[in-house]
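Q: Let me give you the structure first, and then I'll get to my questions.
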Amino acid sequence: MVPPKKLPERSRIQPSFVALQKWEGRVLEVGDSTFSAVVEDSVRRGVEEEVEFDLEEIGPDDRNLLKPGAIFYWTIGYRTEPSGERSRSSVLVLRRLPAWNEEGLQRARRLAEELRKRFDW
């Protein structure tokens, strides 16, 4: 009986994402199935384009953040899976910074004034 041939072990690849292009965007309008935005190339600053995305591009947990004025980051690149499979991906991530309220702004102004006096500026 001939023993079965042993296949070479596959290399263990860590999942990764290599960005090819990045933009920062601002939502202009949200429709029933799409939203429009202005995006600025992160390399060529000052170059803006108006774009439209399907709402499906945004994950369910982020949909409530999608409002006019919301800031997001759009990256296109290659995703490599542990299997070695490579695919081109478009990733949209909404910025999740807390909104400033008047109380927070007043507190920041008081702190700034206190620091200004302390350093005698």
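Order determines the names: the first chain of the structure tokens is A, the second B, and so forth; residues in each chain are numbered 1 upward, and ligands are numbered 1 upward as they are shown.
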Please provide as JSON, numbers by chain all residues within 6 Å of Ser36 in chain A, with the sequence filter that same-chain residues fewer than 3 positions apart are discarded (counting only C-alpha atoms).
A: {"A": [28, 29, 51, 52]}
Q: Which of chain A end up as strand (DSSP E or B) when DSSP is run on this backbone - answer as a PyMOL selection string?
A: chain A and resi 16-30+34-41+48-54+71-80+86-94
Q: Compare A:Gln106, A:Ser90, A:Thr80, A:Asn101 by their minimum atom-to-atom distance to Arg12 in chain A, counting only C-alpha atoms, and give me the closest one.
A: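 Checking each candidate against Arg12 in chain A, we get A:Thr80 as the closest.
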Q: Taking only C-alpha atoms into account, which of A:Glu24, A:Glu114, A:Glu40, A:Asp54 comes nearest Ile71 in chain A?
A: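 With only C-alpha atoms as the atom set, the closest residue is A:Glu24.
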Q: Which residues, written as a list in words, have at least one atom at most 10 Å from Leu66 in chain A, with only C-alpha atoms counted and residues fewer than 2 positions away on the same chain left out?
A: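 Once the adjacent positions are removed, what remains is Arg26, Val27, Leu28, Glu29, Val30, Phe35, Leu55, Ile58, Asp62, Arg63, Asn64, Pro68, Gly69, Ala70, Ile71, Phe72, Leu94 and Arg95 of chain A.
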Q: Please produce an output containing C-alpha atoms for each residue in the selection, written as a tab-separated table (two decimals), in the first residue's frame.
A:
chain	number	residue	atom	x	y	z
A	26	ARG	CA	-19.42	65.21	4.89
A	27	VAL	CA	-23.00	64.03	4.42
A	28	LEU	CA	-25.15	66.48	2.45
A	29	GLU	CA	-28.47	64.69	2.21
A	30	VAL	CA	-29.97	61.35	3.26
A	35	PHE	CA	-27.12	59.48	0.64
A	55	LEU	CA	-27.42	53.26	2.44
A	58	ILE	CA	-23.39	51.80	6.13
A	62	ASP	CA	-24.10	53.42	12.24
A	63	ARG	CA	-27.28	54.32	10.35
A	64	ASN	CA	-28.54	56.53	13.19
A	68	PRO	CA	-26.56	66.00	7.08
A	69	GLY	CA	-23.26	67.33	8.38
A	70	ALA	CA	-22.03	63.93	9.65
A	71	ILE	CA	-18.34	63.31	8.98
A	72	PHE	CA	-17.12	59.97	7.64
A	94	LEU	CA	-18.67	57.38	10.42
A	95	ARG	CA	-16.89	59.57	12.93
Q: Please give the complete set of residues from range 33-121 of chain A that DSSP, run on the backbone, assigns to alpha helix (DSSP H), formatted as number ranges by chain.
A: A: 102-118
Q: Write a file of the just-selected residues containing C-alpha atoms, as a JSON list (two decimals), in the first residue's frame.
A:
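Okay, this is what ended up in again16.json:
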[["chain", "number", "residue", "atom", "x", "y", "z"],
["A", 102, "GLU", "CA", -23.59, 74.43, 25.67],
["A", 103, "GLU", "CA", -22.61, 73.22, 29.16],
["A", 104, "GLY", "CA", -19.53, 71.44, 27.79],
["A", 105, "LEU", "CA", -18.54, 74.51, 25.77],
["A", 106, "GLN", "CA", -18.85, 76.78, 28.82],
["A", 107, "ARG", "CA", -16.75, 74.37, 30.89],
["A", 108, "ALA", "CA", -14.06, 74.34, 28.18],
["A", 109, "ARG", "CA", -14.08, 78.16, 27.99],
["A", 110, "ARG", "CA", -13.69, 78.45, 31.78],
["A", 111, "LEU", "CA", -10.79, 76.00, 31.77],
["A", 112, "ALA", "CA", -9.12, 77.84, 28.88],
["A", 113, "GLU", "CA", -9.48, 81.17, 30.70],
["A", 114, "GLU", "CA", -8.10, 79.67, 33.92],
["A", 115, "LEU", "CA", -5.08, 78.28, 32.04],
["A", 116, "ARG", "CA", -4.56, 81.60, 30.23],
["A", 117, "LYS", "CA", -4.44, 83.44, 33.56],
["A", 118, "ARG", "CA", -2.20, 80.84, 35.16]]
Q: So the first atom is CA of Ser89 in chain A and the second is CA of Ser42 in chain A; what is the distance between them in Å, to one decimal place?
A: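 Going from CA of Ser89 in chain A over to CA of Ser42 in chain A, I get 17.6 Å.
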Q: So, counting only C-alpha atoms, which residue among A:Trp100, A:Trp74, A:Lys6, A:Gly59 is closest to Gly25 in chain A?
A: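 Distance minimum relative to Gly25 in chain A lands on A:Trp74.
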Q: Would you kindly return, as a ChimeraX atom specification, each protein, DNA or RNA residue with an atom no farther than 8 Å from any atom of Pro15 in chain A, considering only C-alpha atoms and excluding same-chain residues fewer than 4 positions away?
A: /A:79-82
Q: Quick one: write out the picked residues with N, CA and C atoms as a short mmCIF file (atom, residue, chain, number, x, y, z; two decimals), in the first residue's frame?
A:
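Result file part_6.cif:
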data_model
loop_
_atom_site.label_atom_id
_atom_site.label_comp_id
_atom_site.auth_asym_id
_atom_site.auth_seq_id
_atom_site.Cartn_x
_atom_site.Cartn_y
_atom_site.Cartn_z
N ARG A 79 -8.25 43.77 0.86
CA ARG A 79 -8.40 42.98 2.08
C ARG A 79 -7.84 41.59 1.78
N THR A 80 -6.96 41.12 2.65
CA THR A 80 -6.41 39.77 2.50
C THR A 80 -6.94 38.91 3.65
N GLU A 81 -7.53 37.79 3.29
CA GLU A 81 -8.12 36.87 4.27
C GLU A 81 -7.06 35.85 4.71
N PRO A 82 -7.28 35.18 5.85
CA PRO A 82 -6.33 34.15 6.30
C PRO A 82 -6.11 33.05 5.26
#
Q: To one decimal place in Å, what is the distance between CA of Asp32 in chain A and CA of Asp61 in chain A?
A: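 A separation of 17.1 Å between them.
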Q: I need the residue nearest Tyr78 in chain A from this list: A:Leu20, A:Leu97, A:Val43, A:Val38. Use only C-alpha atoms for the distance.
A: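 Closest residue, counting only C-alpha atoms: A:Leu20.
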